[in-house]
Amino acid sequence: MNTTDTTETPTSTTVLKLNKYKKVERRSIFLPVLNESSNIKLEGLLSWVDKNHVDEQQQNGDAVGGYSDTQLYDNVAVVITHPHPMLGGNYRNNVVLGVADYLTSYMRIPTLCFNFRGVGRSDGTGSWRGSTERTDTLSAVQYLLNSNPLLTQSGNNITKVIIVGYSYGSVIGSSVADEHDSIIGFTAISYPFGPLTLMLLGHLLEPALNSPKPKLFVTGDKDNFTGVPKFKTRMSEMKGTRVESKIFEGVDHFYQNSEKMLSKEIAAWIHTLCK
C-alpha cells in the first residue's frame, strides 16, 4: 500500500481526519468577463480532482482523501480572490495558492484562483474602488457554473459556490455574495477594516455586514492593517444567523508559514456549511 499524507482539522466538536489526494489536476485558463462588449478575459488557475483518480486510489488500496463523507462537496466549488491589484496583488500569492491547494488536495473541492482585470495576463484595467473587480468575481462564479468541460468531464457538476477572499479580495468577495443565488457563503481573510479601506471601499462594507448568508471572518492578532479591537467591533455589527470569526495568535496580515493553519480553519468551516 502506498503511503498517504494525512492531516487533522479541528472544529468546535471534533477532529476531522483528512487524507491527501495523490493526483490534483491544475490548468491555466482564461475566463470571459460578464456583460463586457470588449471581450475581456481573465487569467486564472483551475484546480480539481478527477473522480476517476479517486476510484483508482481506492482500487490500489490507498486511503481516499477528504472527510468521511466526501459527497458533501460533490457540487461545491470555491472562488478565491486576491489582494489589491493596484498594490501589486495577484493570485500567485502564498495565501491564495495555499488555501486553494489545501481545499482541492484534501477535500476534493475544485478551486478557481484568478487575476482581476489588468493584472498578469488578464485583459482590461482595474479600479481602486472595486467596481470592475466585483464584476470579475461574479464572472468567475459563473465560469464554474457554466457546465465547464474541464470539471464535468471529470465528474464535477458545480451548483454551489463559496467565495474565499483575502485582504482586498475579501472586501470584493463579501460584497457580491448576495448577488448570485449559487453563492452559499463566504470567508473573509484579513478583511482590512482600517480608515484607508473605509475611505476607498466603505460603500462595500455594508453588503458584508448585512448579508444573511453564512460568513467566516479570520484575522491575526498582529495584523498590519486592522487591530483586534476594531475587528471585534465589526464582528459585533455583523447580521445573519451564521456569523463566525477566528483570531490567530502571533499571525500578521501575510500568513507566512501559517498558510496551512489558516486553510484548516477554512476547511472546517466549509465542512459544517455543507453538512
# chains A, B, ... in the order shown; residues from 1 in each chain; ligands from 1
$ residues_around --residues "Leu144 of chain A" --least-positions-apart "5" --cutoff "12 Å" --atoms "only C-alpha atoms" --output "ChimeraX atom specification"
/A:29,31-32,44-48,75-79,109-113,137-139,149-152,156-163,182-183
$ write_last_selection --atoms "N, CA and C atoms" --output "mmCIF file, in the first residue's frame"
data_model
loop_
_atom_site.group_PDB
_atom_site.id
_atom_site.type_symbol
_atom_site.label_atom_id
_atom_site.label_comp_id
_atom_site.auth_asym_id
_atom_site.auth_seq_id
_atom_site.Cartn_x
_atom_site.Cartn_y
_atom_site.Cartn_z
ATOM 1 N N ILE A 29 -6.284 28.852 -17.248
ATOM 2 C CA ILE A 29 -7.465 29.128 -18.066
ATOM 3 C C ILE A 29 -7.619 30.634 -18.273
ATOM 4 N N LEU A 31 -10.987 33.134 -18.428
ATOM 5 C CA LEU A 31 -12.440 33.163 -18.288
ATOM 6 C C LEU A 31 -12.993 34.486 -18.795
ATOM 7 N N PRO A 32 -14.144 34.443 -19.465
ATOM 8 C CA PRO A 32 -14.737 35.676 -20.004
ATOM 9 C C PRO A 32 -15.401 36.503 -18.907
ATOM 10 N N GLY A 44 -6.568 32.744 -15.071
ATOM 11 C CA GLY A 44 -6.880 32.035 -13.847
ATOM 12 C C GLY A 44 -6.204 30.687 -13.750
ATOM 13 N N LEU A 45 -6.343 30.070 -12.587
ATOM 14 C CA LEU A 45 -5.824 28.729 -12.338
ATOM 15 C C LEU A 45 -6.960 27.898 -11.757
ATOM 16 N N LEU A 46 -7.353 26.860 -12.479
ATOM 17 C CA LEU A 46 -8.423 25.965 -12.052
ATOM 18 C C LEU A 46 -7.803 24.659 -11.565
ATOM 19 N N SER A 47 -8.183 24.236 -10.365
ATOM 20 C CA SER A 47 -7.656 23.003 -9.772
ATOM 21 C C SER A 47 -8.813 22.091 -9.395
ATOM 22 N N TRP A 48 -8.648 20.788 -9.643
ATOM 23 C CA TRP A 48 -9.709 19.835 -9.314
ATOM 24 C C TRP A 48 -9.117 18.435 -9.215
ATOM 25 N N ASN A 75 -20.940 18.961 -5.365
ATOM 26 C CA ASN A 75 -21.409 20.028 -6.251
ATOM 27 C C ASN A 75 -20.887 21.402 -5.848
ATOM 28 N N VAL A 76 -19.852 21.415 -5.017
ATOM 29 C CA VAL A 76 -19.342 22.672 -4.462
ATOM 30 C C VAL A 76 -17.996 23.032 -5.083
ATOM 31 N N ALA A 77 -17.808 24.311 -5.352
ATOM 32 C CA ALA A 77 -16.504 24.827 -5.796
ATOM 33 C C ALA A 77 -16.225 26.129 -5.055
ATOM 34 N N VAL A 78 -14.972 26.552 -5.073
ATOM 35 C CA VAL A 78 -14.553 27.756 -4.350
ATOM 36 C C VAL A 78 -13.845 28.715 -5.305
ATOM 37 N N VAL A 79 -14.259 29.975 -5.263
ATOM 38 C CA VAL A 79 -13.566 31.065 -5.953
ATOM 39 C C VAL A 79 -12.736 31.812 -4.923
ATOM 40 N N ILE A 109 -12.399 19.631 -3.454
ATOM 41 C CA ILE A 109 -13.231 20.748 -3.882
ATOM 42 C C ILE A 109 -12.505 21.510 -4.982
ATOM 43 N N PRO A 110 -13.098 21.637 -6.170
ATOM 44 C CA PRO A 110 -12.468 22.446 -7.215
ATOM 45 C C PRO A 110 -12.298 23.889 -6.754
ATOM 46 N N THR A 111 -11.167 24.479 -7.088
ATOM 47 C CA THR A 111 -10.911 25.872 -6.731
ATOM 48 C C THR A 111 -10.518 26.661 -7.973
ATOM 49 N N LEU A 112 -10.927 27.911 -8.004
ATOM 50 C CA LEU A 112 -10.571 28.811 -9.093
ATOM 51 C C LEU A 112 -9.945 30.064 -8.510
ATOM 52 N N CYS A 113 -8.655 30.237 -8.765
ATOM 53 C CA CYS A 113 -7.955 31.488 -8.458
ATOM 54 C C CYS A 113 -7.848 32.259 -9.769
ATOM 55 N N THR A 137 -15.363 38.966 -10.202
ATOM 56 C CA THR A 137 -15.631 37.870 -9.264
ATOM 57 C C THR A 137 -16.906 37.125 -9.634
ATOM 58 N N LEU A 138 -17.948 37.850 -9.982
ATOM 59 C CA LEU A 138 -19.180 37.199 -10.410
ATOM 60 C C LEU A 138 -18.966 36.427 -11.715
ATOM 61 N N SER A 139 -18.076 36.917 -12.554
ATOM 62 C CA SER A 139 -17.743 36.196 -13.793
ATOM 63 C C SER A 139 -17.047 34.881 -13.476
ATOM 64 N N PRO A 149 -16.382 22.151 -19.148
ATOM 65 C CA PRO A 149 -15.996 20.783 -19.567
ATOM 66 C C PRO A 149 -14.844 20.197 -18.767
ATOM 67 N N LEU A 150 -13.931 21.035 -18.297
ATOM 68 C CA LEU A 150 -12.816 20.522 -17.503
ATOM 69 C C LEU A 150 -13.313 19.871 -16.225
ATOM 70 N N LEU A 151 -14.437 20.391 -15.699
ATOM 71 C CA LEU A 151 -14.992 19.849 -14.458
ATOM 72 C C LEU A 151 -16.013 18.751 -14.720
ATOM 73 N N THR A 152 -16.915 18.986 -15.667
ATOM 74 C CA THR A 152 -17.969 17.992 -15.895
ATOM 75 C C THR A 152 -17.407 16.675 -16.410
ATOM 76 N N ASN A 156 -17.333 16.458 -11.945
ATOM 77 C CA ASN A 156 -17.659 17.555 -11.039
ATOM 78 C C ASN A 156 -18.735 18.440 -11.658
ATOM 79 N N ASN A 157 -19.953 18.380 -11.133
ATOM 80 C CA ASN A 157 -21.060 19.191 -11.617
ATOM 81 C C ASN A 157 -21.360 20.275 -10.584
ATOM 82 N N ILE A 158 -20.903 21.477 -10.840
ATOM 83 C CA ILE A 158 -20.932 22.534 -9.835
ATOM 84 C C ILE A 158 -22.281 23.261 -9.835
ATOM 85 N N THR A 159 -22.902 23.305 -8.667
ATOM 86 C CA THR A 159 -24.153 24.055 -8.491
ATOM 87 C C THR A 159 -24.069 25.051 -7.335
ATOM 88 N N LYS A 160 -23.031 24.933 -6.510
ATOM 89 C CA LYS A 160 -22.870 25.817 -5.354
ATOM 90 C C LYS A 160 -21.448 26.355 -5.323
ATOM 91 N N VAL A 161 -21.325 27.623 -4.948
ATOM 92 C CA VAL A 161 -20.014 28.270 -4.918
ATOM 93 C C VAL A 161 -19.818 28.976 -3.585
ATOM 94 N N ILE A 162 -18.633 28.839 -3.044
ATOM 95 C CA ILE A 162 -18.206 29.575 -1.846
ATOM 96 C C ILE A 162 -17.113 30.539 -2.269
ATOM 97 N N ILE A 163 -17.169 31.754 -1.792
ATOM 98 C CA ILE A 163 -16.122 32.734 -2.089
ATOM 99 C C ILE A 163 -15.193 32.853 -0.885
ATOM 100 N N SER A 182 -26.344 31.023 -6.318
ATOM 101 C CA SER A 182 -25.491 29.843 -6.162
ATOM 102 C C SER A 182 -24.421 30.038 -5.102
ATOM 103 N N ILE A 183 -24.150 31.280 -4.711
ATOM 104 C CA ILE A 183 -23.144 31.556 -3.680
ATOM 105 C C ILE A 183 -23.772 31.250 -2.325
#
$ select_by_dssp --residues "segment 118-270 of chain A" --states "strand (DSSP E or B)" --output "MDAnalysis selection string"
chainID A and resid 160:166 183:189 215:220 243:248
$ atom_distance --atom1 "atom CA of Tyr168 of chain A" --atom2 "atom CA of Ile270 of chain A"
21.1 Å
$ residues_around --residues "Ser122 of chain A" --least-positions-apart "4" --cutoff "7 Å" --atoms "only C-alpha atoms" --output "PyMOL selection string"
chain A and resi 41-43+115-118
$ write_last_selection --atoms "all heavy atoms" --output "PDB file, in the first residue's frame"
ATOM      1  N   LYS A  41     -10.987  38.989 -21.053  1.00  0.00           N
ATOM      2  CA  LYS A  41     -10.764  37.675 -20.458  1.00  0.00           C
ATOM      3  C   LYS A  41      -9.776  37.789 -19.299  1.00  0.00           C
ATOM      4  O   LYS A  41      -8.850  38.600 -19.341  1.00  0.00           O
ATOM      5  CB  LYS A  41     -10.254  36.678 -21.503  1.00  0.00           C
ATOM      6  CG  LYS A  41     -11.291  36.341 -22.571  1.00  0.00           C
ATOM      7  CD  LYS A  41     -10.825  35.229 -23.472  1.00  0.00           C
ATOM      8  CE  LYS A  41     -11.858  34.923 -24.548  1.00  0.00           C
ATOM      9  NZ  LYS A  41     -13.146  34.492 -23.975  1.00  0.00           N
ATOM     10  N   LEU A  42      -9.998  36.961 -18.285  1.00  0.00           N
ATOM     11  CA  LEU A  42      -9.178  36.999 -17.080  1.00  0.00           C
ATOM     12  C   LEU A  42      -8.358  35.724 -16.958  1.00  0.00           C
ATOM     13  O   LEU A  42      -8.867  34.619 -17.155  1.00  0.00           O
ATOM     14  CB  LEU A  42     -10.075  37.142 -15.842  1.00  0.00           C
ATOM     15  CG  LEU A  42     -11.054  38.313 -15.830  1.00  0.00           C
ATOM     16  CD1 LEU A  42     -11.914  38.257 -14.574  1.00  0.00           C
ATOM     17  CD2 LEU A  42     -10.323  39.644 -15.930  1.00  0.00           C
ATOM     18  N   GLU A  43      -7.116  35.898 -16.597  1.00  0.00           N
ATOM     19  CA  GLU A  43      -6.209  34.764 -16.374  1.00  0.00           C
ATOM     20  C   GLU A  43      -6.547  34.075 -15.057  1.00  0.00           C
ATOM     21  O   GLU A  43      -6.797  34.731 -14.049  1.00  0.00           O
ATOM     22  CB  GLU A  43      -4.770  35.276 -16.327  1.00  0.00           C
ATOM     23  CG  GLU A  43      -3.733  34.230 -15.976  1.00  0.00           C
ATOM     24  CD  GLU A  43      -2.368  34.829 -15.708  1.00  0.00           C
ATOM     25  OE1 GLU A  43      -2.288  36.056 -15.452  1.00  0.00           O
ATOM     26  OE2 GLU A  43      -1.380  34.076 -15.755  1.00  0.00           O
ATOM     27  N   ASN A 115      -6.754  36.316 -11.715  1.00  0.00           N
ATOM     28  CA  ASN A 115      -6.267  37.687 -11.620  1.00  0.00           C
ATOM     29  C   ASN A 115      -7.358  38.655 -12.040  1.00  0.00           C
ATOM     30  O   ASN A 115      -7.982  38.484 -13.100  1.00  0.00           O
ATOM     31  CB  ASN A 115      -5.046  37.897 -12.519  1.00  0.00           C
ATOM     32  CG  ASN A 115      -3.773  37.378 -11.882  1.00  0.00           C
ATOM     33  OD1 ASN A 115      -3.645  37.341 -10.659  1.00  0.00           O
ATOM     34  ND2 ASN A 115      -2.812  36.980 -12.708  1.00  0.00           N
ATOM     35  N   PHE A 116      -7.598  39.657 -11.203  1.00  0.00           N
ATOM     36  CA  PHE A 116      -8.514  40.720 -11.604  1.00  0.00           C
ATOM     37  C   PHE A 116      -8.014  41.363 -12.900  1.00  0.00           C
ATOM     38  O   PHE A 116      -6.829  41.261 -13.247  1.00  0.00           O
ATOM     39  CB  PHE A 116      -8.602  41.787 -10.516  1.00  0.00           C
ATOM     40  CG  PHE A 116      -9.300  41.333  -9.258  1.00  0.00           C
ATOM     41  CD1 PHE A 116      -8.701  41.477  -8.015  1.00  0.00           C
ATOM     42  CD2 PHE A 116     -10.572  40.775  -9.307  1.00  0.00           C
ATOM     43  CE1 PHE A 116      -9.345  41.080  -6.852  1.00  0.00           C
ATOM     44  CE2 PHE A 116     -11.233  40.370  -8.150  1.00  0.00           C
ATOM     45  CZ  PHE A 116     -10.610  40.517  -6.924  1.00  0.00           C
ATOM     46  N   ARG A 117      -8.899  42.038 -13.585  1.00  0.00           N
ATOM     47  CA  ARG A 117      -8.503  42.648 -14.870  1.00  0.00           C
ATOM     48  C   ARG A 117      -7.343  43.629 -14.677  1.00  0.00           C
ATOM     49  O   ARG A 117      -7.226  44.314 -13.658  1.00  0.00           O
ATOM     50  CB  ARG A 117      -9.699  43.329 -15.529  1.00  0.00           C
ATOM     51  CG  ARG A 117     -10.219  44.530 -14.825  1.00  0.00           C
ATOM     52  CD  ARG A 117     -11.446  45.074 -15.525  1.00  0.00           C
ATOM     53  NE  ARG A 117     -12.630  44.231 -15.295  1.00  0.00           N
ATOM     54  CZ  ARG A 117     -13.819  44.429 -15.862  1.00  0.00           C
ATOM     55  NH1 ARG A 117     -13.985  45.433 -16.708  1.00  0.00           N
ATOM     56  NH2 ARG A 117     -14.848  43.650 -15.579  1.00  0.00           N
ATOM     57  N   GLY A 118      -6.443  43.605 -15.674  1.00  0.00           N
ATOM     58  CA  GLY A 118      -5.262  44.458 -15.626  1.00  0.00           C
ATOM     59  C   GLY A 118      -4.100  43.865 -14.861  1.00  0.00           C
ATOM     60  O   GLY A 118      -3.024  44.477 -14.780  1.00  0.00           O
TER      61      GLY A 118
END
$ atom_distance --atom1 "atom CA of Val164 of chain A" --atom2 "atom CA of Ile266 of chain A"
8.7 Å
$ residues_around --residues "Lys222 of chain A" --least-positions-apart "6" --cutoff "7 Å" --atoms "only C-alpha atoms" --output "list in words"
Gly250, Val251 and Asp252 of chain A
$ select_by_dssp --residues "segment 81-135 of chain A" --states "alpha helix (DSSP H)" --output "list in words"
Asn94, Val95, Val96, Leu97, Gly98, Val99, Ala100, Asp101, Tyr102, Leu103, Thr104, Ser105, Tyr106, Met107, Ser131, Thr132, Glu133, Arg134 and Thr135 of chain A
$ write_last_selection --atoms "N, CA, C and O atoms" --output "PDB file, in the first residue's frame"
ATOM      1  N   ASN A  94       1.003  33.516  -1.559  1.00  0.00           N
ATOM      2  CA  ASN A  94       1.110  32.373  -0.647  1.00  0.00           C
ATOM      3  C   ASN A  94      -0.215  32.000   0.004  1.00  0.00           C
ATOM      4  O   ASN A  94      -0.503  30.813   0.205  1.00  0.00           O
ATOM      5  N   VAL A  95      -1.048  32.991   0.306  1.00  0.00           N
ATOM      6  CA  VAL A  95      -2.334  32.708   0.937  1.00  0.00           C
ATOM      7  C   VAL A  95      -3.325  32.141  -0.079  1.00  0.00           C
ATOM      8  O   VAL A  95      -3.963  31.106   0.153  1.00  0.00           O
ATOM      9  N   VAL A  96      -3.450  32.797  -1.213  1.00  0.00           N
ATOM     10  CA  VAL A  96      -4.399  32.372  -2.243  1.00  0.00           C
ATOM     11  C   VAL A  96      -4.091  30.952  -2.704  1.00  0.00           C
ATOM     12  O   VAL A  96      -4.964  30.072  -2.707  1.00  0.00           O
ATOM     13  N   LEU A  97      -2.844  30.700  -3.078  1.00  0.00           N
ATOM     14  CA  LEU A  97      -2.485  29.377  -3.583  1.00  0.00           C
ATOM     15  C   LEU A  97      -2.440  28.332  -2.465  1.00  0.00           C
ATOM     16  O   LEU A  97      -2.755  27.165  -2.695  1.00  0.00           O
ATOM     17  N   GLY A  98      -2.076  28.769  -1.258  1.00  0.00           N
ATOM     18  CA  GLY A  98      -2.048  27.830  -0.136  1.00  0.00           C
ATOM     19  C   GLY A  98      -3.424  27.305   0.208  1.00  0.00           C
ATOM     20  O   GLY A  98      -3.623  26.106   0.416  1.00  0.00           O
ATOM     21  N   VAL A  99      -4.403  28.196   0.251  1.00  0.00           N
ATOM     22  CA  VAL A  99      -5.778  27.789   0.545  1.00  0.00           C
ATOM     23  C   VAL A  99      -6.326  26.932  -0.597  1.00  0.00           C
ATOM     24  O   VAL A  99      -6.967  25.904  -0.367  1.00  0.00           O
ATOM     25  N   ALA A 100      -6.065  27.334  -1.826  1.00  0.00           N
ATOM     26  CA  ALA A 100      -6.552  26.575  -2.978  1.00  0.00           C
ATOM     27  C   ALA A 100      -6.002  25.154  -2.971  1.00  0.00           C
ATOM     28  O   ALA A 100      -6.746  24.181  -3.166  1.00  0.00           O
ATOM     29  N   ASP A 101      -4.719  25.028  -2.742  1.00  0.00           N
ATOM     30  CA  ASP A 101      -4.097  23.699  -2.749  1.00  0.00           C
ATOM     31  C   ASP A 101      -4.681  22.817  -1.653  1.00  0.00           C
ATOM     32  O   ASP A 101      -4.959  21.632  -1.879  1.00  0.00           O
ATOM     33  N   TYR A 102      -4.891  23.362  -0.477  1.00  0.00           N
ATOM     34  CA  TYR A 102      -5.401  22.564   0.635  1.00  0.00           C
ATOM     35  C   TYR A 102      -6.831  22.088   0.365  1.00  0.00           C
ATOM     36  O   TYR A 102      -7.160  20.910   0.546  1.00  0.00           O
ATOM     37  N   LEU A 103      -7.703  23.000  -0.075  1.00  0.00           N
ATOM     38  CA  LEU A 103      -9.096  22.633  -0.277  1.00  0.00           C
ATOM     39  C   LEU A 103      -9.262  21.591  -1.373  1.00  0.00           C
ATOM     40  O   LEU A 103     -10.098  20.682  -1.276  1.00  0.00           O
ATOM     41  N   THR A 104      -8.439  21.705  -2.420  1.00  0.00           N
ATOM     42  CA  THR A 104      -8.538  20.726  -3.510  1.00  0.00           C
ATOM     43  C   THR A 104      -7.853  19.422  -3.141  1.00  0.00           C
ATOM     44  O   THR A 104      -8.393  18.339  -3.370  1.00  0.00           O
ATOM     45  N   SER A 105      -6.675  19.510  -2.554  1.00  0.00           N
ATOM     46  CA  SER A 105      -5.893  18.304  -2.271  1.00  0.00           C
ATOM     47  C   SER A 105      -6.504  17.442  -1.181  1.00  0.00           C
ATOM     48  O   SER A 105      -6.405  16.215  -1.223  1.00  0.00           O
ATOM     49  N   TYR A 106      -7.137  18.074  -0.203  1.00  0.00           N
ATOM     50  CA  TYR A 106      -7.644  17.318   0.943  1.00  0.00           C
ATOM     51  C   TYR A 106      -9.167  17.145   0.946  1.00  0.00           C
ATOM     52  O   TYR A 106      -9.675  16.223   1.576  1.00  0.00           O
ATOM     53  N   MET A 107      -9.895  18.032   0.257  1.00  0.00           N
ATOM     54  CA  MET A 107     -11.354  17.952   0.299  1.00  0.00           C
ATOM     55  C   MET A 107     -11.975  17.643  -1.064  1.00  0.00           C
ATOM     56  O   MET A 107     -13.178  17.493  -1.177  1.00  0.00           O
ATOM     57  N   SER A 131     -15.269  48.440  -8.489  1.00  0.00           N
ATOM     58  CA  SER A 131     -16.386  48.235  -9.425  1.00  0.00           C
ATOM     59  C   SER A 131     -16.090  47.130 -10.426  1.00  0.00           C
ATOM     60  O   SER A 131     -16.922  46.225 -10.634  1.00  0.00           O
ATOM     61  N   THR A 132     -14.938  47.173 -11.050  1.00  0.00           N
ATOM     62  CA  THR A 132     -14.619  46.146 -12.051  1.00  0.00           C
ATOM     63  C   THR A 132     -14.317  44.804 -11.398  1.00  0.00           C
ATOM     64  O   THR A 132     -14.672  43.744 -11.936  1.00  0.00           O
ATOM     65  N   GLU A 133     -13.699  44.832 -10.228  1.00  0.00           N
ATOM     66  CA  GLU A 133     -13.342  43.581  -9.552  1.00  0.00           C
ATOM     67  C   GLU A 133     -14.579  42.807  -9.081  1.00  0.00           C
ATOM     68  O   GLU A 133     -14.568  41.571  -9.030  1.00  0.00           O
ATOM     69  N   ARG A 134     -15.640  43.513  -8.752  1.00  0.00           N
ATOM     70  CA  ARG A 134     -16.878  42.836  -8.373  1.00  0.00           C
ATOM     71  C   ARG A 134     -17.441  42.068  -9.573  1.00  0.00           C
ATOM     72  O   ARG A 134     -17.882  40.920  -9.447  1.00  0.00           O
ATOM     73  N   THR A 135     -17.442  42.706 -10.731  1.00  0.00           N
ATOM     74  CA  THR A 135     -17.895  42.024 -11.947  1.00  0.00           C
ATOM     75  C   THR A 135     -16.987  40.845 -12.269  1.00  0.00           C
ATOM     76  O   THR A 135     -17.468  39.777 -12.670  1.00  0.00           O
TER      77      THR A 135
END
$ closest_residue --among "A:Leu196, A:Leu72, A:Leu205, A:Ala140" --to "His271 of chain A" --atoms "only C-alpha atoms"
A:Leu72
$ closest_residue --among "A:Pro83, A:Gly240, A:Gly126, A:Gly120" --to "Leu216 of chain A" --atoms "only C-alpha atoms"
A:Gly240
$ closest_residue --among "A:Lys51, A:Arg121, A:Lys232, A:Lys213" --to "Phe30 of chain A" --atoms "only C-alpha atoms"
A:Arg121
$ atom_distance --atom1 "atom CA of Glu244 of chain A" --atom2 "atom CA of Gly169 of chain A"
18.5 Å
$ closest_residue --among "A:Pro195, A:Gly185, A:Pro229, A:Gly88" --to "Pro212 of chain A" --atoms "only C-alpha atoms"
A:Gly185
$ residues_around --residues "Phe231 of chain A" --least-positions-apart "3" --cutoff "10 Å" --atoms "only C-alpha atoms" --output "list in words"
Ser190, Tyr191, Pro192, Phe193, Gly194, Phe217, Val218, Thr219, Gly220, Asp221, Thr226, Gly227, Val228, Arg234, Met235, Ser236, Ser245 and Ile247 of chain A
$ decode --residues "segment 209-217 of chain A" --atoms "all heavy atoms" --output "mmCIF file, in the first residue's frame"
data_model
loop_
_atom_site.group_PDB
_atom_site.id
_atom_site.type_symbol
_atom_site.label_atom_id
_atom_site.label_comp_id
_atom_site.auth_asym_id
_atom_site.auth_seq_id
_atom_site.Cartn_x
_atom_site.Cartn_y
_atom_site.Cartn_z
ATOM 1 N N LEU A 209 -21.623 43.392 6.025
ATOM 2 C CA LEU A 209 -22.263 43.442 7.337
ATOM 3 C C LEU A 209 -23.668 42.847 7.302
ATOM 4 O O LEU A 209 -24.066 42.129 8.227
ATOM 5 C CB LEU A 209 -22.351 44.896 7.824
ATOM 6 C CG LEU A 209 -21.048 45.615 8.162
ATOM 7 C CD1 LEU A 209 -21.330 47.075 8.494
ATOM 8 C CD2 LEU A 209 -20.328 44.945 9.316
ATOM 9 N N ASN A 210 -24.405 43.123 6.241
ATOM 10 C CA ASN A 210 -25.827 42.795 6.212
ATOM 11 C C ASN A 210 -26.161 41.478 5.538
ATOM 12 O O ASN A 210 -27.318 41.033 5.615
ATOM 13 C CB ASN A 210 -26.597 43.923 5.517
ATOM 14 C CG ASN A 210 -26.563 45.220 6.302
ATOM 15 O OD1 ASN A 210 -26.438 45.210 7.524
ATOM 16 N ND2 ASN A 210 -26.655 46.337 5.616
ATOM 17 N N SER A 211 -25.215 40.866 4.882
ATOM 18 C CA SER A 211 -25.526 39.619 4.182
ATOM 19 C C SER A 211 -26.053 38.566 5.154
ATOM 20 O O SER A 211 -25.450 38.306 6.195
ATOM 21 C CB SER A 211 -24.274 39.061 3.489
ATOM 22 O OG SER A 211 -24.556 37.784 2.945
ATOM 23 N N PRO A 212 -27.176 37.926 4.826
ATOM 24 C CA PRO A 212 -27.705 36.876 5.691
ATOM 25 C C PRO A 212 -27.035 35.526 5.482
ATOM 26 O O PRO A 212 -27.300 34.579 6.224
ATOM 27 C CB PRO A 212 -29.180 36.809 5.268
ATOM 28 C CG PRO A 212 -29.155 37.179 3.813
ATOM 29 C CD PRO A 212 -28.065 38.210 3.678
ATOM 30 N N LYS A 213 -26.163 35.447 4.489
ATOM 31 C CA LYS A 213 -25.530 34.175 4.181
ATOM 32 C C LYS A 213 -24.436 33.849 5.203
ATOM 33 O O LYS A 213 -23.863 34.754 5.831
ATOM 34 C CB LYS A 213 -24.946 34.202 2.766
ATOM 35 C CG LYS A 213 -26.018 34.281 1.691
ATOM 36 C CD LYS A 213 -25.460 34.185 0.284
ATOM 37 C CE LYS A 213 -26.572 34.199 -0.748
ATOM 38 N NZ LYS A 213 -26.076 34.115 -2.133
ATOM 39 N N PRO A 214 -24.125 32.561 5.381
ATOM 40 C CA PRO A 214 -23.062 32.177 6.322
ATOM 41 C C PRO A 214 -21.748 32.854 5.972
ATOM 42 O O PRO A 214 -21.381 32.956 4.792
ATOM 43 C CB PRO A 214 -22.979 30.656 6.137
ATOM 44 C CG PRO A 214 -24.336 30.256 5.667
ATOM 45 C CD PRO A 214 -24.794 31.385 4.789
ATOM 46 N N LYS A 215 -21.037 33.306 7.010
ATOM 47 C CA LYS A 215 -19.785 34.015 6.759
ATOM 48 C C LYS A 215 -18.787 33.730 7.866
ATOM 49 O O LYS A 215 -19.146 33.616 9.037
ATOM 50 C CB LYS A 215 -20.025 35.519 6.619
ATOM 51 C CG LYS A 215 -21.001 36.129 7.625
ATOM 52 C CD LYS A 215 -21.434 37.532 7.185
ATOM 53 C CE LYS A 215 -22.625 38.039 7.970
ATOM 54 N NZ LYS A 215 -23.117 39.340 7.483
ATOM 55 N N LEU A 216 -17.548 33.624 7.456
ATOM 56 C CA LEU A 216 -16.432 33.417 8.378
ATOM 57 C C LEU A 216 -15.413 34.518 8.155
ATOM 58 O O LEU A 216 -14.943 34.725 7.029
ATOM 59 C CB LEU A 216 -15.784 32.050 8.130
ATOM 60 C CG LEU A 216 -14.442 31.794 8.833
ATOM 61 C CD1 LEU A 216 -14.638 31.707 10.351
ATOM 62 C CD2 LEU A 216 -13.783 30.518 8.299
ATOM 63 N N PHE A 217 -15.067 35.232 9.231
ATOM 64 C CA PHE A 217 -14.022 36.252 9.176
ATOM 65 C C PHE A 217 -12.847 35.777 10.019
ATOM 66 O O PHE A 217 -13.027 35.407 11.183
ATOM 67 C CB PHE A 217 -14.541 37.583 9.724
ATOM 68 C CG PHE A 217 -15.420 38.338 8.774
ATOM 69 C CD1 PHE A 217 -16.737 37.950 8.564
ATOM 70 C CD2 PHE A 217 -14.943 39.432 8.076
ATOM 71 C CE1 PHE A 217 -17.564 38.631 7.695
ATOM 72 C CE2 PHE A 217 -15.757 40.136 7.197
ATOM 73 C CZ PHE A 217 -17.073 39.729 7.003
#
